[in-house]
Every structure is written in structure tokens, then in C-alpha cells.
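Chemist: Have a look at this one before I ask anything.
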Amino acid sequence: MELAGKVALVTGASGDIGGAIARALAAAGVDVAVGYVGNADGAASCVRDVEAAGRRAFPIQCDQANIDAIDPAVDAVAAHFGRLDILVNNAAWNIGIPFPELDALTTDIWDRVYDTNVRGPFQLSRAAARHMRAAGGGRIVNIASVAGLSPGGSSIAYATSKAALIHLTRCLAVALAPAITVNCVAPGLVENTRMALRLPPEVAQGARDRAILRRASSAEDIAEQTVTFCRADSVTGQTLIVDAGIFFH
Ligand SMILES: NC(=O)c1ccc[n+]([C@@H]2O[C@H](COP(=O)([O-])OP(=O)(O)OC[C@H]3O[C@@H](n4cnc5c(N)ncnc54)[C@H](OP(=O)(O)O)[C@@H]3O)[C@@H](O)[C@H]2O)c1
């Protein structure tokens with residue numbers, strides 16, 4: 001798909017990786033709706049960068065754990081720009097709960113993780129697909145995690161929510177073909193993100209040491225792969241791991 005002149009909604013664009021994705025799409029000629037929920041400053045900074053790249057930007061506040069918030073937010077983006085071609089389901093919520101501490105993983109936490117990380121992306125995809133089909137096609141890219149592929153990460157709820165997002169990618173690829181492709185990026189440790197900076201230094205260093213490329217990936221690496229999925233015409237249902245070579249060996 002030729003990206004110049006297209007319109008994208010990037011959820012969680014107030015955050016580290018979503019912001020990098022929004023900036024990379026803008027550099028590729030895409031107008032960007034900057035999704036956020038609480039971090040208005042992060043969203044404003046992203047809006048400024050998209051505009052500095054010569055593209056239009058539109059901050060859109062939406063709590064994607066709230067069933068009623070999603071359709072109006074997506075419709076507002078499409079109404080603002082007159083079309084919607086790309087959805088990047090990047091936003092997620094997590095909290096650190098060691099796997100063995102089963103009782104600490106309360107129903108409220110479980111539901112918040114799943115509402116945000118699984119039901120939200122499904123609803124956003126459904127709402128966005130209506131507009132993409134009207135425009136003749138589109139692209140959905142989900143941002144999961146290697147925690148969805150092997151048992152690790154911040155909590156059992158987070159890891160299984162990312163596994164669900166990876167399979168949602170395949171299911172939506174079937175449901176939305178042939179007009180819309182649906183793909184997924186599964187990052188490992190992403191350097192210089194708040195999530196990574198919260199890790200004990202020895203855990204982060206361990207990830208770099210285990211990577212065959214002897215580094216962690218960057219937010220720009222995740223953004224670049226996201227843009228590649230948006231350009232691709234013959235790739236759908238795929239999950240690509242971007243972790244500098246830890247997971248496969
Ligand atoms: N950082 C890593 O090392 C790493 C590794 C693997 C996977 N990932 C995945 O990469 C994605 C981005 O992570 P990040 O490191 O950039 O995290 P981040 O900086 O904490 O950003 C998370 C974003 O999600 C948004 N968000 C949270 N709850 C939301 C809700 N209910 N409704 C709408 N938006 C909500 C936040 O909005 P506000 O800030 O406006 O509240 C924020 O923009 C996530 O899917 C994460 O699971 C990250």
C-alpha cells in the first residue's frame with residue numbers, strides 16, 4: 001500500500017513505542033490520530049512531531065477498557081480526516097505480579113488487563129474496519145510481546161493477553177480479508193522505554209547478553225517493522241518477533 005496521504009490511528013501514541021510508530025508513519029507521509037488516555041503531555045509532544053514532519057495530527061483521548069468509548073473515538077478520527085486506512089493497536093496496560101503469586105492476580109486486575117489488551121484491540125479493529133472497507137481497504141498492526149509466545153513478562157494476565165492478541169491477529173486476518181491485512185509485531189525488551197527502565201538492571205542486561213545481536217531492540221525498530229507491515233500487500237496473519245535474536249534459539 002502506498003502510504004503517502006493515508007490516515008492512521010495509533011493507540012497509546014502518548015507512550016514510548018506508540019510515539020515512535022506515529023513519528024515513523026508521519027515520516028512515511030501518513031496523517032496520524034494520536035491516541036492517549038491520561039498522558040496529555042505525551043500526546044501533545046507526539047502531535048507536535050507529526051506536524052513538524054509536515055503531516056496532520058489529531059489527538060484523540062479514549063479509554064479502550066471502556067466499551068462505550070471506542071466506536072465514538074474511531075468515528076471521530078474518520079470524521080476529522082475524512083478517512084481511516086491504518087490502525088495500530090499499540091496501547092496496553094500491565095502491572096508487575098510475579099507468576100507464582102496467583103492470589104495477587106485479582107479479578108479486577110485480570111479484567112483490566114484483558115479489557116485493555118484484548119477486548120479493546122478487537123473493538124478498535126471492528127470499528128476501524130468499517131471505515132477501511134469504505135475506503136477500499138486498510139491495514140491493522142497489533143503490538144504484542146514475546147511474553148505472548150513464551151511464559152514470561154510482567155504477569156500471567158499480561159502474558160496470556162498478548163498470546164490472545166497474537167491469535168486475534170490471525171482470526172481478524174481471516175475475518176477482514178481480502179480488503180484489510182492484519183499483522184503483529186512481538187517486541188522483546190525495548191531499550192529506553194519506561195517499561196524497560198522499571199526492570200532491575202541485571203534483568204535488562206541479561207536480555208541484552210542473551211540476544212545474538214548483543215543488544216535490545218529500540219522503539220524505532222518496532223516502528224520500522226510496523227511501517228513495513230503497513231506497506232506490504234501480500235502479508236497477513238503474521239507475527240514478527242523483534243528482539244535482537246533471543247527468542248528463536
Ligand atoms: N517497552 C517494552 O519493552 C515492551 C516490550 C514488549 C511489548 N511492549 C508493548 O509495546 C506497547 C507499547 O509499550 P510502551 O513500552 O510504549 O508502553 P508505555 O510507554 O507505557 O505506553 C503505553 C500506552 O498505552 C496507553 N494506554 C494504557 N491504558 C490504556 C487504555 N485503557 N486506553 C487507551 N490507552 C491506554 C497509554 O496511554 P497514556 O500514557 O496516555 O495513559 C500509553 O500511551 C504495549 O502494547 C506493550 O505491551 C513493550
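Here's how to read the names in the C-alpha cells: chain A, B, ... by the order shown, residue numbers from 1 in each chain, ligand numbers from 1 in the order shown.
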Could the residues that lie within 6 Å of ligand 1, counting only C-alpha atoms and all ligand atoms, be listed as an NGL selection string?

Modeler: :A and (12-18 or 36-39 or 62-65 or 90-93 or 116 or 143-145 or 187-190 or 193-196)

Chemist: If we count only C-alpha atoms, what is near Leu9 (chain A) at a cut-off of 9 Å, once residues fewer than 4 positions away on the same chain are taken out, given as an NGL selection string?

Modeler: :A and (13 or 22 or 31-35 or 60 or 74 or 77 or 84-89 or 128)

Chemist: Mind giving me the straight-line distance from CA of Val174 (chain A) to CA of Gln238 (chain A) in Å, one decimal?

Modeler: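 About the pair CA of Val174 (chain A) and CA of Gln238 (chain A): they are 11.4 Å apart.
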
Chemist: Provide the CA of Ser218 (chain A) to CA of Ala173 (chain A) distance in Å, to one decimal place.

Modeler: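 We find that CA of Ser218 (chain A) and CA of Ala173 (chain A) lie 26.7 Å from each other.
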
Chemist: Can you tell me, as a list in words, what residues are no more than 9 Å from Ala135 (chain A) when counting only C-alpha atoms, ignoring any on the same chain fewer than 2 positions away?

Modeler: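 Contacts, with the query itself left out: Arg83, Leu84, Asp85, Arg130, His131, Met132, Arg133, Gly137 and Gly138 of chain A.
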
Chemist: Export, as a short mmCIF file (atom, residue, chain, number, x, y, z; two decimals), in the first residue's frame, the selected residues with C-alpha atoms.

Modeler:
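Below is the file again26.cif, written as the result:
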data_model
loop_
_atom_site.label_atom_id
_atom_site.label_comp_id
_atom_site.auth_asym_id
_atom_site.auth_seq_id
_atom_site.Cartn_x
_atom_site.Cartn_y
_atom_site.Cartn_z
CA ARG A 83 -10.99 8.51 6.03
CA LEU A 84 -9.14 5.87 8.07
CA ASP A 85 -6.66 3.48 6.45
CA ARG A 130 -16.00 -0.22 8.85
CA HIS A 131 -14.15 2.90 7.68
CA MET A 132 -11.31 0.99 5.97
CA ARG A 133 -13.75 -1.01 3.90
CA GLY A 137 -9.02 -1.45 2.21
CA GLY A 138 -6.63 -0.95 5.06
#

Chemist: My list of candidates is A:Gln61, A:Thr169, A:Gln205, A:Asn192. Which is closest to Thr236 (chain A) when distances are computed with only C-alpha atoms?

Modeler: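 Distance minimum relative to Thr236 (chain A) lands on A:Thr169.
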
Chemist: List the neighbours of Gly120 (chain A) out to 8 Å using only C-alpha atoms; skip same-chain residues closer than 3 positions along the sequence, and give me the result as a PyMOL selection string.

Modeler: chain A and resi 64-67+70+115-117+123-124

Chemist: Let me see the file: selected residues, N, CA and C atoms, as a JSON list (two decimals), in the first residue's frame.

Modeler:
[["chain", "number", "residue", "atom", "x", "y", "z"],
["A", 64, "GLN", "N", -9.63, 2.62, 26.19],
["A", 64, "GLN", "CA", -10.09, 1.47, 25.42],
["A", 64, "GLN", "C", -10.54, 0.30, 26.29],
["A", 65, "ALA", "N", -10.44, 0.48, 27.60],
["A", 65, "ALA", "CA", -11.06, -0.51, 28.50],
["A", 65, "ALA", "C", -12.55, -0.23, 28.66],
["A", 66, "ASN", "N", -12.97, 0.92, 28.19],
["A", 66, "ASN", "CA", -14.38, 1.32, 28.29],
["A", 66, "ASN", "C", -15.11, 0.98, 26.99],
["A", 67, "ILE", "N", -16.00, 0.02, 27.08],
["A", 67, "ILE", "CA", -16.71, -0.48, 25.89],
["A", 67, "ILE", "C", -17.34, 0.67, 25.10],
["A", 70, "ILE", "N", -15.09, 3.41, 22.51],
["A", 70, "ILE", "CA", -14.27, 3.10, 21.33],
["A", 70, "ILE", "C", -14.93, 3.53, 20.02],
["A", 115, "ASP", "N", -9.48, -6.32, 29.32],
["A", 115, "ASP", "CA", -10.32, -5.30, 28.69],
["A", 115, "ASP", "C", -9.46, -4.39, 27.81],
["A", 116, "THR", "N", -8.29, -4.00, 28.35],
["A", 116, "THR", "CA", -7.42, -3.06, 27.63],
["A", 116, "THR", "C", -6.65, -3.75, 26.49],
["A", 117, "ASN", "N", -6.11, -4.92, 26.76],
["A", 117, "ASN", "CA", -5.13, -5.52, 25.84],
["A", 117, "ASN", "C", -5.76, -6.46, 24.81],
["A", 123, "GLN", "N", -12.38, -4.44, 19.57],
["A", 123, "GLN", "CA", -13.40, -3.41, 19.29],
["A", 123, "GLN", "C", -12.87, -2.32, 18.37],
["A", 124, "LEU", "N", -11.61, -1.92, 18.62],
["A", 124, "LEU", "CA", -11.00, -0.89, 17.76],
["A", 124, "LEU", "C", -10.90, -1.38, 16.32]]

Chemist: Return the single residue from A:Gly29, A:Gly19, A:Pro121, A:Gly54 that is closest to Gly5 (chain A), with distances computed using only C-alpha atoms.

Modeler: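 Nearest candidate to Gly5 (chain A) out of A:Gly29, A:Gly19, A:Pro121, A:Gly54: A:Gly29.
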
Chemist: Report the distance between CA of Leu105 (chain A) and CA of Ala207 (chain A) in Å, rounded to one decimal place.

Modeler: 25.3 Å

Chemist: Between A:Asp108, A:Glu51, A:Asp243, A:Asp41, which residue has the minimum interatomic distance to Ala147 (chain A), considering only C-alpha atoms?

Modeler: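 Checking each of A:Asp108, A:Glu51, A:Asp243, A:Asp41 against Ala147 (chain A), counting only C-alpha atoms, the winner is A:Asp243.
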